[in-house]
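Chemist: Below is work25.cif; it holds mmCIF, C-alpha atoms.
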```
data_input
#
loop_
_atom_site.label_atom_id
_atom_site.label_comp_id
_atom_site.auth_asym_id
_atom_site.auth_seq_id
_atom_site.Cartn_x
_atom_site.Cartn_y
_atom_site.Cartn_z
CA MET A 488 2.35 115.70 108.06
CA THR A 489 2.86 116.90 111.63
CA ILE A 490 1.28 116.37 115.04
CA TYR A 491 -0.42 119.74 114.52
CA ASP A 492 -2.32 118.27 111.54
CA LEU A 493 -3.34 115.23 113.57
CA ALA A 494 -4.52 117.39 116.47
CA SER A 495 -6.52 119.66 114.16
CA ALA A 496 -8.19 116.73 112.35
CA LEU A 497 -9.25 115.11 115.63
CA ASN A 498 -10.01 118.40 117.41
CA ILE A 499 -7.82 117.52 120.36
CA SER A 500 -4.78 119.21 121.87
CA ILE A 501 -1.27 118.89 120.45
CA ALA A 502 -0.06 117.77 123.88
CA THR A 503 -2.50 114.83 123.85
CA VAL A 504 -1.32 113.74 120.40
CA SER A 505 2.30 114.00 121.49
CA ARG A 506 1.69 111.94 124.63
CA ALA A 507 -0.27 109.31 122.70
CA LEU A 508 2.51 108.86 120.13
CA LYS A 509 4.90 108.27 123.05
CA ASP A 510 2.45 105.67 124.42
CA ASP A 511 1.94 107.70 127.59
CA PRO A 512 -0.56 105.89 129.90
CA VAL A 513 -2.16 109.27 130.70
CA VAL A 514 -3.96 109.07 127.31
CA SER A 515 -6.86 106.60 127.14
CA LYS A 516 -6.65 103.53 124.89
CA GLN A 517 -9.62 104.74 122.88
CA THR A 518 -8.02 108.12 122.16
CA LYS A 519 -4.68 106.46 121.34
CA LYS A 520 -6.40 104.19 118.84
CA LYS A 521 -8.02 107.16 117.09
CA ILE A 522 -4.67 108.96 116.88
CA PHE A 523 -2.70 105.89 115.68
CA ASP A 524 -5.35 105.02 113.08
CA LEU A 525 -5.39 108.55 111.68
CA ALA A 526 -1.58 108.77 111.77
CA GLU A 527 -1.34 105.59 109.69
CA GLN A 528 -4.08 106.76 107.31
CA MET A 529 -2.42 110.15 106.76
CA GLY A 530 1.13 108.74 106.51
CA TYR A 531 2.48 110.44 109.63
CA ARG A 532 6.00 109.45 110.71
CA THR A 533 7.64 110.44 113.99
CA ASN A 534 10.73 112.56 113.38
CA HIS A 535 13.08 110.73 115.74
CA PHE A 536 16.04 112.80 114.57
CA ALA A 537 14.38 116.08 115.57
CA ARG A 538 13.26 114.57 118.86
CA ASN A 539 16.78 113.38 119.63
CA LEU A 540 18.25 116.76 118.75
CA ARG A 541 16.02 118.33 121.38
CA ASN A 542 17.64 115.90 123.81
CA ASN A 543 21.09 116.92 122.50
CA GLN A 544 21.77 113.52 120.94
CA THR A 545 21.09 111.73 117.65
CA ASN A 546 21.46 108.10 118.74
CA THR A 547 23.85 107.56 115.82
CA ILE A 548 27.41 106.28 115.76
CA GLY A 549 29.72 107.20 112.88
CA VAL A 550 32.17 104.67 111.46
CA ILE A 551 35.04 105.50 109.10
CA VAL A 552 36.90 102.62 107.44
CA HIS A 553 39.60 102.57 104.77
CA GLU A 554 37.73 100.12 102.52
CA LEU A 555 34.62 97.94 102.39
CA LYS A 556 35.92 95.00 100.30
CA SER A 557 37.93 93.52 103.17
CA ASN A 558 36.69 90.42 105.01
CA PHE A 559 38.33 91.80 108.13
CA ILE A 560 36.52 95.15 107.91
CA THR A 561 33.24 93.35 107.22
CA SER A 562 33.67 91.29 110.38
CA VAL A 563 34.56 94.40 112.43
CA LEU A 564 31.43 96.16 111.17
CA ALA A 565 29.36 93.10 112.14
CA GLY A 566 30.73 93.33 115.67
CA ILE A 567 30.05 97.08 115.88
CA GLU A 568 26.51 96.70 114.51
CA LYS A 569 25.65 93.91 116.95
CA VAL A 570 26.56 96.02 119.99
CA THR A 571 25.18 99.35 118.77
CA ALA A 572 21.86 97.84 117.66
CA GLU A 573 21.36 96.24 121.07
CA ALA A 574 22.04 99.64 122.67
CA GLY A 575 19.55 101.43 120.40
CA TYR A 576 22.04 103.27 118.18
CA ASP A 577 22.05 103.55 114.39
CA LEU A 578 25.24 103.48 112.30
CA ILE A 579 26.43 105.84 109.58
CA ILE A 580 29.30 104.15 107.71
CA ALA A 581 31.77 105.98 105.47
CA HIS A 582 34.89 104.71 103.71
CA SER A 583 37.95 106.60 102.56
CA SER A 584 39.13 104.28 99.76
CA GLU A 585 42.66 104.74 101.20
CA ASN A 586 42.44 108.47 100.43
CA PHE A 587 43.38 111.06 103.06
CA THR A 588 41.32 113.85 101.46
CA LYS A 589 38.24 111.62 101.39
CA GLU A 590 38.85 110.62 105.02
CA ILE A 591 38.90 114.30 106.01
CA ALA A 592 35.63 114.86 104.11
CA ASN A 593 34.06 111.81 105.80
CA ALA A 594 35.03 113.09 109.25
CA LYS A 595 33.60 116.54 108.52
CA ASN A 596 30.38 115.04 107.16
CA LEU A 597 29.85 112.81 110.20
CA PHE A 598 30.63 115.70 112.54
CA ASN A 599 28.02 117.83 110.76
CA LYS A 600 25.51 114.98 111.08
CA ARG A 601 26.06 115.30 114.83
CA VAL A 602 26.95 111.67 115.53
CA ASP A 603 27.16 110.86 119.23
CA GLY A 604 30.47 109.02 118.81
CA LEU A 605 32.94 107.87 116.16
CA ILE A 606 34.86 104.65 115.45
CA ALA A 607 37.60 104.95 112.81
CA SER A 608 40.39 103.08 111.02
CA LEU A 609 42.91 105.24 109.15
CA SER A 610 43.82 105.18 105.46
CA PHE A 611 47.32 104.50 104.17
CA GLU A 612 47.67 108.16 103.18
CA THR A 613 46.66 109.67 106.54
CA THR A 614 49.46 111.89 107.86
CA ASN A 615 47.81 113.57 110.86
CA LEU A 616 44.65 113.51 112.96
CA ASP A 617 43.74 117.20 112.74
CA HIS A 618 40.38 116.35 111.14
CA PHE A 619 39.31 114.61 114.34
CA LYS A 620 39.99 117.63 116.58
CA ALA A 621 36.46 119.00 116.08
CA PHE A 622 35.06 115.88 117.75
CA LYS A 623 37.35 116.27 120.75
CA ASN A 624 36.55 119.98 121.06
CA LYS A 625 32.83 119.18 121.19
CA GLY A 626 33.27 116.29 123.60
CA VAL A 627 32.33 113.65 121.01
CA PRO A 628 34.23 110.42 121.84
CA VAL A 629 36.42 108.83 119.15
CA ILE A 630 37.90 105.32 119.20
CA PHE A 631 40.39 104.11 116.59
CA PHE A 632 40.90 100.46 115.63
CA ASP A 633 43.36 98.39 113.58
CA ARG A 634 45.12 101.18 111.68
CA VAL A 635 45.89 103.79 114.31
CA GLU A 636 48.36 106.44 115.39
CA GLU A 637 50.23 104.98 118.36
CA THR A 638 50.78 108.30 120.11
CA GLY A 639 49.13 107.37 123.41
CA THR A 640 46.75 110.35 123.22
CA HIS A 641 43.80 108.51 121.63
CA THR A 642 41.91 105.37 122.59
CA VAL A 643 42.83 102.53 120.21
CA VAL A 644 41.75 98.89 119.83
CA VAL A 645 44.48 96.75 118.26
CA ILE A 646 46.21 93.39 118.37
CA ASP A 647 49.91 93.00 119.15
CA ASN A 648 51.07 93.17 115.53
CA TYR A 649 54.73 93.00 116.54
CA LYS A 650 54.25 89.74 118.45
CA CYS A 651 52.16 88.27 115.64
CA GLY A 652 54.91 89.04 113.12
CA TYR A 653 57.49 87.54 115.46
CA ASP A 654 55.46 84.37 116.10
CA ALA A 655 54.71 83.79 112.41
CA THR A 656 58.38 84.10 111.50
CA GLN A 657 59.50 81.99 114.47
CA HIS A 658 57.16 79.22 113.32
CA LEU A 659 58.71 79.23 109.83
CA ILE A 660 62.18 79.09 111.38
CA GLU A 661 61.12 76.10 113.51
CA GLN A 662 60.07 74.41 110.26
CA GLY A 663 63.65 74.72 108.99
CA CYS A 664 63.24 77.85 106.86
CA ARG A 665 66.30 80.09 106.61
CA LYS A 666 65.54 82.39 103.67
CA ILE A 667 62.21 83.91 104.62
CA VAL A 668 60.47 86.61 102.60
CA ASN A 669 58.10 89.14 104.15
CA VAL A 670 55.39 90.07 101.64
CA THR A 671 53.70 93.12 103.13
CA SER A 672 52.00 96.44 102.41
CA ASN A 673 52.41 100.14 103.15
CA PRO A 674 54.84 100.53 106.09
CA LYS A 675 53.43 103.99 106.92
CA ARG A 676 50.70 102.34 108.97
CA ASN A 677 51.29 100.70 112.34
CA VAL A 678 49.91 97.29 111.35
CA TYR A 679 52.44 96.51 108.62
CA ALA A 680 55.36 98.36 110.21
CA ASN A 681 54.96 96.43 113.47
CA ARG A 682 54.50 93.06 111.76
CA CYS A 683 57.68 93.67 109.78
CA LYS A 684 59.57 94.64 112.93
CA GLY A 685 58.48 91.38 114.56
CA TYR A 686 59.66 89.50 111.47
CA GLN A 687 63.07 91.20 111.63
CA ASP A 688 63.59 90.54 115.33
CA ALA A 689 62.64 86.85 115.02
CA LEU A 690 65.28 86.46 112.32
CA LEU A 691 67.95 88.22 114.39
CA ASP A 692 67.10 86.24 117.54
CA ASN A 693 67.73 83.05 115.56
CA GLY A 694 71.03 84.20 114.07
CA ILE A 695 69.59 84.90 110.60
CA PRO A 696 70.71 88.26 109.17
CA PHE A 697 67.92 90.58 108.09
CA ASP A 698 67.99 91.30 104.35
CA GLN A 699 65.94 94.29 103.14
CA ASN A 700 65.78 92.68 99.68
CA LEU A 701 63.57 89.97 101.18
CA VAL A 702 60.88 92.51 102.13
CA ILE A 703 58.40 92.88 99.26
CA ILE A 704 56.02 95.85 99.59
CA ASN A 705 52.93 96.14 97.39
CA ASP A 706 49.22 96.86 97.64
CA LEU A 707 46.62 94.27 98.67
CA SER A 708 45.01 93.81 95.25
CA GLU A 709 45.17 90.65 93.14
CA LYS A 710 47.43 92.44 90.69
CA GLY A 711 49.75 93.53 93.50
CA ALA A 712 49.81 90.00 94.92
CA ILE A 713 50.78 88.50 91.55
CA GLU A 714 53.54 91.10 91.16
CA SER A 715 54.86 90.22 94.62
CA ALA A 716 54.81 86.51 93.83
CA MET A 717 56.66 87.02 90.55
CA GLN A 718 59.26 89.18 92.31
CA LEU A 719 59.85 86.33 94.78
CA LEU A 720 60.12 83.76 91.97
CA LYS A 721 62.97 85.76 90.42
CA MET A 722 65.10 85.46 93.57
CA LYS A 723 68.14 83.17 93.36
CA PRO A 724 68.16 80.96 95.28
CA LEU A 725 64.44 80.81 95.92
CA PRO A 726 63.23 81.57 99.46
CA ASP A 727 62.08 78.55 101.47
CA GLY A 728 59.55 80.47 103.56
CA ALA A 729 57.18 83.42 103.23
CA PHE A 730 55.38 85.46 105.86
CA ILE A 731 52.58 87.18 103.91
CA THR A 732 50.72 89.75 105.99
CA ASN A 733 47.29 89.31 104.34
CA ASP A 734 45.37 86.08 103.62
CA PHE A 735 43.99 87.16 100.24
CA VAL A 736 47.47 88.12 99.06
CA ALA A 737 48.79 84.82 100.43
CA ALA A 738 46.14 82.86 98.50
CA VAL A 739 46.99 84.64 95.23
CA CYS A 740 50.71 84.08 95.85
CA MET A 741 50.10 80.37 96.50
CA ARG A 742 48.19 80.05 93.24
CA THR A 743 50.98 81.83 91.36
CA PHE A 744 53.68 79.66 92.96
CA LYS A 745 51.84 76.46 92.01
CA GLU A 746 51.33 77.71 88.45
CA ASN A 747 55.11 78.08 88.29
CA GLY A 748 55.84 74.57 89.53
CA LEU A 749 56.48 75.16 93.23
CA LYS A 750 55.15 72.78 95.86
CA ILE A 751 53.73 74.13 99.11
CA PRO A 752 55.08 73.65 101.74
CA GLU A 753 57.88 71.43 100.37
CA ASP A 754 59.50 74.16 98.27
CA ILE A 755 58.21 77.16 100.19
CA ALA A 756 56.33 77.26 103.50
CA ILE A 757 53.73 80.00 103.85
CA VAL A 758 52.09 81.85 106.74
CA GLY A 759 49.30 84.38 106.13
CA PHE A 760 47.49 86.88 108.32
CA ASN A 761 43.82 87.47 109.33
CA ASN A 762 42.34 83.93 109.32
CA ASP A 763 39.85 84.90 106.61
CA ALA A 764 37.52 82.23 105.21
CA ILE A 765 39.81 81.86 102.20
CA SER A 766 42.53 80.41 104.44
CA THR A 767 40.63 77.11 104.75
CA LEU A 768 39.52 77.05 101.10
CA VAL A 769 42.98 77.12 99.49
CA GLU A 770 45.02 73.95 99.04
CA PRO A 771 46.95 73.33 101.18
CA ALA A 772 45.05 75.07 103.98
CA LEU A 773 46.81 78.24 105.04
CA THR A 774 48.62 78.71 108.33
CA THR A 775 47.67 82.19 109.49
CA ILE A 776 47.34 84.64 112.35
CA ASN A 777 43.81 84.76 113.74
CA TYR A 778 42.70 88.40 113.73
CA PRO A 779 39.30 88.44 115.53
CA GLY A 780 37.52 91.23 113.66
CA ILE A 781 34.08 90.70 115.22
CA HIS A 782 35.57 90.85 118.71
CA ILE A 783 37.48 94.03 117.86
CA GLY A 784 34.27 95.66 116.62
CA GLU A 785 32.38 94.58 119.73
CA VAL A 786 35.07 95.87 122.09
CA ALA A 787 35.33 99.22 120.30
CA ALA A 788 31.53 99.66 120.30
CA HIS A 789 31.12 98.57 123.94
CA ASN A 790 33.73 101.05 125.14
CA LEU A 791 32.24 103.89 123.10
CA ILE A 792 28.67 103.26 124.26
CA ASN A 793 29.72 102.81 127.89
CA HIS A 794 31.41 106.20 127.63
CA LEU A 795 28.25 107.77 126.17
CA LYS A 796 26.15 106.27 128.95
CA GLY A 797 28.55 107.44 131.64
CA ILE A 798 29.41 103.87 132.66
CA GLY A 799 33.03 104.17 131.54
CA ASN A 800 35.50 106.78 130.32
CA ILE A 801 37.64 106.13 127.26
CA GLU A 802 39.98 108.92 128.35
CA ASN A 803 41.27 106.53 131.02
CA THR A 804 42.27 103.83 128.50
CA HIS A 805 44.62 104.58 125.63
CA THR A 806 45.35 101.09 124.27
CA ILE A 807 43.12 98.00 124.28
CA ILE A 808 44.99 94.94 123.01
CA ILE A 809 42.87 92.08 121.67
CA ARG A 810 44.25 88.56 121.94
CA SER A 811 45.33 86.87 118.70
CA ASN A 812 47.09 83.60 117.90
CA LEU A 813 48.83 81.56 115.22
CA VAL A 814 46.60 78.92 113.61
CA ILE A 815 48.82 76.16 112.21
CA ARG A 816 47.69 74.40 109.02
CA LYS A 817 49.42 72.46 106.24
CA SER A 818 50.83 75.36 104.20
CA SER A 819 53.73 75.87 106.62
CA LEU A 820 54.56 72.33 107.75
CA LYS A 821 57.89 71.65 106.03
CA ASN A 822 59.31 69.78 109.02
CA SER A 823 58.73 66.05 108.56
CA ASN A 824 58.19 65.77 112.31
CA GLY A 825 55.21 68.10 111.92
CA CYS A 826 53.86 70.65 114.31
CA TRP A 827 50.38 69.33 114.83
CA ASN A 828 51.18 68.18 118.34
CA LYS A 829 52.98 71.36 119.34
CA LYS A 830 51.16 74.05 121.24
CA GLN A 831 49.94 76.83 119.01
CA ILE A 832 51.87 80.06 119.42
CA ARG A 833 49.69 82.52 121.31
#
```
Could you take the file, read its structure, and then write that structure out as structure tokens?
Modeler:
Amino acid sequence: MTIYDLASALNISIATVSRALKDDPVVSKQTKKKIFDLAEQMGYRTNHFARNLRNNQTNTIGVIVHELKSNFITSVLAGIEKVTAEAGYDLIIAHSSENFTKEIANAKNLFNKRVDGLIASLSFETTNLDHFKAFKNKGVPVIFFDRVEETGTHTVVVIDNYKCGYDATQHLIEQGCRKIVNVTSNPKRNVYANRCKGYQDALLDNGIPFDQNLVIINDLSEKGAIESAMQLLKMKPLPDGAFITNDFVAAVCMRTFKENGLKIPEDIAIVGFNNDAISTLVEPALTTINYPGIHIGEVAAHNLINHLKGIGNIENTHTIIIRSNLVIRKSSLKNSNGCWNKKQIR
């Protein structure tokens, strides 16, 4: 069903039908009513995509994420959707499942769908950004968040992962911990590499030698978390602190520790990362780094849309750092003097 069919059925010009469907005041209310009634009766739908293409835009934003099962990613998407919906843009969301080949295919697909802009977080396997060159060559803006390449040539929205790793470890040291394990994930990506570097430097600044054997690397699944916990339990003597760079992994580790007779935080103090909902549901409540996913999504979307509207230019800003902080709860409070009255590390 097209506007030509509507015009023919009503014996009026195509231009009049087109103007009426755009609610142009030039067309009388009576004529508009006839056109709208017939359009509804005949099942006519405006092809917004074709109309936008004529204006050299699609009013769509592409989003590539590495997974969809993450609370953090869900919150980022909520932030992106809030801003883009208010600005009149639709989202096309694709996920790579931590697969570089699939990420390349996603980028090509979104490029072919002619998205106006792209927001992306890289997979663990990503080794280069060649698949995003087509966007740059066509002047399509791209913003990366969370997992990024820190080359300074792309606009990225991140937190200070190094400082967060340092602050989490420093807190455990202030609680009297001296043998602190870092349970983390793939060091190929900036987020885990930088958190681990912060952990190392906090140890060294407090006169505690860094021991590579105390860095446990695994995936973020329940199975991986249990394996990491069991690896820690085999250490002699047992560590008295653990900086675990993901709240879900931390929760699974805590459950495994308790099943094996450890008390938290008396035997081992624990700090997680993300401030997911699970951090307040576990017992004891989990000390963690607050990673404001919704705010990150909003900031990424605002900057992209401002660029598209000509209000801003992402080429002028390479790194946007979002504020994060340590949220202290019972899982890390080994010190009998407590830390509830101390200022939270920011």
Chemist: By how many Å are CA of Lys666 (chain A) and CA of Leu720 (chain A) apart?
Modeler: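 The value is 13.0 Å.
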Chemist: Check the smallest atom-to-atom distance from each of A:Phe611, A:Phe622, A:Tyr778, A:Phe730 to His658 (chain A) using only C-alpha atoms, then report the winner.
Modeler: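 Using only C-alpha atoms, His658 (chain A) sits closest to A:Phe730.
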Chemist: Written as a PDB file with C-alpha atoms, in the coordinates of the input, what is the full residue list that the PyMOL selection byres ((chain A and resi 579-588) around 7) yields on the file shown?
Modeler:
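The result, written out as out_6.pdb:
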```
ATOM      1  CA  THR A 547      23.850 107.560 115.820  1.00  0.00           C
ATOM      2  CA  ILE A 548      27.410 106.280 115.760  1.00  0.00           C
ATOM      3  CA  GLY A 549      29.720 107.200 112.880  1.00  0.00           C
ATOM      4  CA  VAL A 550      32.170 104.670 111.460  1.00  0.00           C
ATOM      5  CA  ILE A 551      35.040 105.500 109.100  1.00  0.00           C
ATOM      6  CA  VAL A 552      36.900 102.620 107.440  1.00  0.00           C
ATOM      7  CA  HIS A 553      39.600 102.570 104.770  1.00  0.00           C
ATOM      8  CA  GLU A 554      37.730 100.120 102.520  1.00  0.00           C
ATOM      9  CA  LEU A 555      34.620  97.940 102.390  1.00  0.00           C
ATOM     10  CA  ASP A 577      22.050 103.550 114.390  1.00  0.00           C
ATOM     11  CA  LEU A 578      25.240 103.480 112.300  1.00  0.00           C
ATOM     12  CA  LYS A 589      38.240 111.620 101.390  1.00  0.00           C
ATOM     13  CA  GLU A 590      38.850 110.620 105.020  1.00  0.00           C
ATOM     14  CA  ILE A 591      38.900 114.300 106.010  1.00  0.00           C
ATOM     15  CA  ALA A 592      35.630 114.860 104.110  1.00  0.00           C
ATOM     16  CA  ASN A 593      34.060 111.810 105.800  1.00  0.00           C
ATOM     17  CA  SER A 610      43.820 105.180 105.460  1.00  0.00           C
ATOM     18  CA  PHE A 611      47.320 104.500 104.170  1.00  0.00           C
ATOM     19  CA  GLU A 612      47.670 108.160 103.180  1.00  0.00           C
ATOM     20  CA  THR A 613      46.660 109.670 106.540  1.00  0.00           C
TER      21      THR A 613
END
```
Chemist: Need to verify the contact set: Ile490 (chain A), 7 Å, only C-alpha atoms, exclusion of same-chain residues closer than 4 positions in sequence. Can you return it as a PDB file with C-alpha atoms, in the frame of the given file?
Modeler:
```
ATOM      1  CA  ALA A 494      -4.520 117.390 116.470  1.00  0.00           C
ATOM      2  CA  ILE A 501      -1.270 118.890 120.450  1.00  0.00           C
ATOM      3  CA  VAL A 504      -1.320 113.740 120.400  1.00  0.00           C
ATOM      4  CA  SER A 505       2.300 114.000 121.490  1.00  0.00           C
TER       5      SER A 505
END
```
Chemist: Find the residues around region 761-764 of chain A up to 10 Å (all atoms listed in the file counted), leave out those fewer than 5 positions away in its own chain, and share them as a ChimeraX atom specification.
Modeler: /A:557-559,562,732-735,769,773-780,811-814
Chemist: Could you write out that same residue set with C-alpha atoms as a tab-separated table (two decimals), in the frame of the given file?
Modeler:
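Here's the written file part-v9.tsv:
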```tsv
chain	number	residue	atom	x	y	z
A	557	SER	CA	37.93	93.52	103.17
A	558	ASN	CA	36.69	90.42	105.01
A	559	PHE	CA	38.33	91.80	108.13
A	562	SER	CA	33.67	91.29	110.38
A	732	THR	CA	50.72	89.75	105.99
A	733	ASN	CA	47.29	89.31	104.34
A	734	ASP	CA	45.37	86.08	103.62
A	735	PHE	CA	43.99	87.16	100.24
A	769	VAL	CA	42.98	77.12	99.49
A	773	LEU	CA	46.81	78.24	105.04
A	774	THR	CA	48.62	78.71	108.33
A	775	THR	CA	47.67	82.19	109.49
A	776	ILE	CA	47.34	84.64	112.35
A	777	ASN	CA	43.81	84.76	113.74
A	778	TYR	CA	42.70	88.40	113.73
A	779	PRO	CA	39.30	88.44	115.53
A	780	GLY	CA	37.52	91.23	113.66
A	811	SER	CA	45.33	86.87	118.70
A	812	ASN	CA	47.09	83.60	117.90
A	813	LEU	CA	48.83	81.56	115.22
A	814	VAL	CA	46.60	78.92	113.61
```
